[in-house]
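Inspection log for the structure reproduced underneath, given as structure tokens.
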Amino acid sequence: METWAKYGYWGLFFAAFIAGSVIPFSAELLIGILLYQGFPLIPLVFVASLGNWLGGYTAFFMGFYARWDLILKYFNLEQEKIINFKWKNKFSTELLALLCWIPFLGTLILISLGFMKSSIFKTGLFMFMGRFTRYLIWALFSVEVIQTIS
């Protein structure tokens, strides 16, 4: 993480991008390190959220551009069942993007939302809100820890 911290905001952006994609990675520790080095909280939260949000779109578009022939061949699912499931939900499926910050589960949620052709704009909005809230809470917690040990 020290190597990523040398690059400051750019290091955080790319670490958060990787963490937001389908590759398991943690940018939270990097936020704590950068806060300890004296970086201001608000820009760190925005940079991490932006990188994580854009990384999340990689998972979303994996589902969005999925090939039905491969899904039918390997998973034995029919396109009609997936479409019918989408319409049975009584709430906006894009709201699930609020939970996409959860490790591993969030990636599955985003792939599923893409697969169901959810609104790119609404999914992105809720995804950003969820990820921003997570990084804000983590940054505030990190500030408290830093103040306690200093």
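Order determines the names: the first chain of the structure tokens is A, the second B, and so forth; residues in each chain are numbered 1 upward, and ligands are numbered 1 upward as they are shown.
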
Residues of range 5-141 of chain A in helix (DSSP H, G or I), written as a ChimeraX atom specification: /A:5-6,8-20,28-36,41-64,68-75,79-88,93-99,105-115,120-141

Using C-alpha atoms, can you write the selected residues to a file as a CSV table (one decimal), in the first residue's frame?
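To be explicit, this is the file written out as selection10.csv:
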```csv
chain,number,residue,atom,x,y,z
A,5,ALA,CA,0.4,6.0,-1.4
A,6,LYS,CA,3.4,7.5,-3.1
A,8,GLY,CA,-1.3,10.3,-3.8
A,9,TYR,CA,-4.7,10.9,-5.4
A,10,TRP,CA,-3.8,9.0,-8.6
A,11,GLY,CA,-2.7,6.0,-6.6
A,12,LEU,CA,-6.0,6.1,-4.7
A,13,PHE,CA,-8.0,6.5,-7.8
A,14,PHE,CA,-6.5,3.5,-9.5
A,15,ALA,CA,-6.6,1.4,-6.3
A,16,ALA,CA,-10.3,2.2,-5.9
A,17,PHE,CA,-10.9,1.5,-9.6
A,18,ILE,CA,-9.4,-2.0,-9.2
A,19,ALA,CA,-11.4,-2.5,-6.0
A,20,GLY,CA,-14.6,-1.5,-7.7
A,28,GLU,CA,-9.8,1.7,2.4
A,29,LEU,CA,-6.4,1.1,3.9
A,30,LEU,CA,-4.9,3.5,1.4
A,31,ILE,CA,-7.4,6.2,2.5
A,32,GLY,CA,-6.2,5.8,6.1
A,33,ILE,CA,-2.6,6.1,5.0
A,34,LEU,CA,-3.2,9.2,2.9
A,35,LEU,CA,-5.2,10.8,5.8
A,36,TYR,CA,-2.3,10.0,8.1
A,41,LEU,CA,-10.7,14.1,3.8
A,42,ILE,CA,-13.2,15.4,1.3
A,43,PRO,CA,-11.0,15.2,-1.9
A,44,LEU,CA,-9.9,11.7,-0.8
A,45,VAL,CA,-13.5,10.5,-0.4
A,46,PHE,CA,-14.5,12.0,-3.8
A,47,VAL,CA,-11.4,10.5,-5.6
A,48,ALA,CA,-12.0,7.1,-4.1
A,49,SER,CA,-15.7,7.1,-4.8
A,50,LEU,CA,-15.1,8.2,-8.4
A,51,GLY,CA,-12.5,5.5,-9.0
A,52,ASN,CA,-14.6,2.8,-7.4
A,53,TRP,CA,-17.7,4.0,-9.2
A,54,LEU,CA,-16.0,3.7,-12.6
A,55,GLY,CA,-14.5,0.4,-11.7
A,56,GLY,CA,-18.0,-0.8,-10.8
A,57,TYR,CA,-19.2,-0.1,-14.3
A,58,THR,CA,-16.8,-2.8,-15.6
A,59,ALA,CA,-18.8,-5.4,-13.7
A,60,PHE,CA,-22.1,-3.8,-14.8
A,61,PHE,CA,-21.1,-3.8,-18.4
A,62,MET,CA,-20.0,-7.4,-18.2
A,63,GLY,CA,-23.6,-8.3,-17.5
A,64,PHE,CA,-25.0,-5.7,-19.9
A,68,TRP,CA,-27.2,-15.2,-24.4
A,69,ASP,CA,-25.9,-18.1,-26.4
A,70,LEU,CA,-23.2,-18.8,-23.8
A,71,ILE,CA,-25.6,-18.3,-20.9
A,72,LEU,CA,-28.1,-20.8,-22.5
A,73,LYS,CA,-25.3,-23.3,-23.2
A,74,TYR,CA,-23.5,-23.2,-19.8
A,75,PHE,CA,-26.2,-22.2,-17.3
A,79,GLN,CA,-34.0,-15.5,-21.7
A,80,GLU,CA,-37.8,-15.3,-21.0
A,81,LYS,CA,-37.3,-16.4,-17.4
A,82,ILE,CA,-34.8,-13.7,-16.7
A,83,ILE,CA,-37.0,-11.0,-18.4
A,84,ASN,CA,-40.1,-12.2,-16.4
A,85,PHE,CA,-38.1,-12.1,-13.2
A,86,LYS,CA,-37.2,-8.5,-13.9
A,87,TRP,CA,-40.9,-7.5,-14.2
A,88,LYS,CA,-42.0,-9.4,-11.1
A,93,THR,CA,-34.0,-3.0,-9.4
A,94,GLU,CA,-31.6,-0.1,-9.7
A,95,LEU,CA,-32.0,0.4,-5.9
A,96,LEU,CA,-29.9,-2.8,-5.5
A,97,ALA,CA,-26.9,-0.7,-6.6
A,98,LEU,CA,-26.9,0.9,-3.2
A,99,LEU,CA,-25.5,-2.4,-1.9
A,105,LEU,CA,-21.8,-9.6,-3.4
A,106,GLY,CA,-21.6,-6.1,-4.9
A,107,THR,CA,-19.9,-7.4,-8.0
A,108,LEU,CA,-22.6,-10.1,-8.4
A,109,ILE,CA,-25.3,-7.4,-7.9
A,110,LEU,CA,-23.8,-5.2,-10.6
A,111,ILE,CA,-23.4,-8.1,-13.1
A,112,SER,CA,-27.0,-9.0,-12.5
A,113,LEU,CA,-28.2,-5.4,-12.9
A,114,GLY,CA,-26.3,-5.2,-16.2
A,115,PHE,CA,-27.7,-8.6,-17.3
A,120,ILE,CA,-27.3,2.8,-16.8
A,121,PHE,CA,-27.9,6.2,-15.3
A,122,LYS,CA,-30.0,5.1,-12.3
A,123,THR,CA,-27.7,2.2,-11.5
A,124,GLY,CA,-24.7,4.6,-11.7
A,125,LEU,CA,-26.4,7.1,-9.4
A,126,PHE,CA,-27.3,4.6,-6.7
A,127,MET,CA,-23.9,2.9,-7.1
A,128,PHE,CA,-22.1,6.2,-6.5
A,129,MET,CA,-24.3,7.0,-3.5
A,130,GLY,CA,-23.6,3.7,-1.9
A,131,ARG,CA,-19.9,3.8,-2.5
A,132,PHE,CA,-19.5,7.4,-1.5
A,133,THR,CA,-21.3,6.7,1.8
A,134,ARG,CA,-19.0,3.7,2.5
A,135,TYR,CA,-15.8,5.8,1.8
A,136,LEU,CA,-17.1,8.7,3.8
A,137,ILE,CA,-17.8,6.5,6.9
A,138,TRP,CA,-14.4,4.8,6.5
A,139,ALA,CA,-12.6,8.1,6.2
A,140,LEU,CA,-14.4,9.5,9.3
A,141,PHE,CA,-13.5,6.4,11.2
```

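If you look at CA of Val145 in chain A and CA of Ile23 in chain A, they are 27.9 Å away from each other.
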
Atomic distance CA of Phe25 in chain A - CA of Tyr7 in chain A, expressed in Å with one decimal: 17.0 Å

Interatomic distance (Å, one decimal) between CA of Ser21 in chain A and CA of Phe104 in chain A: 10.0 Å
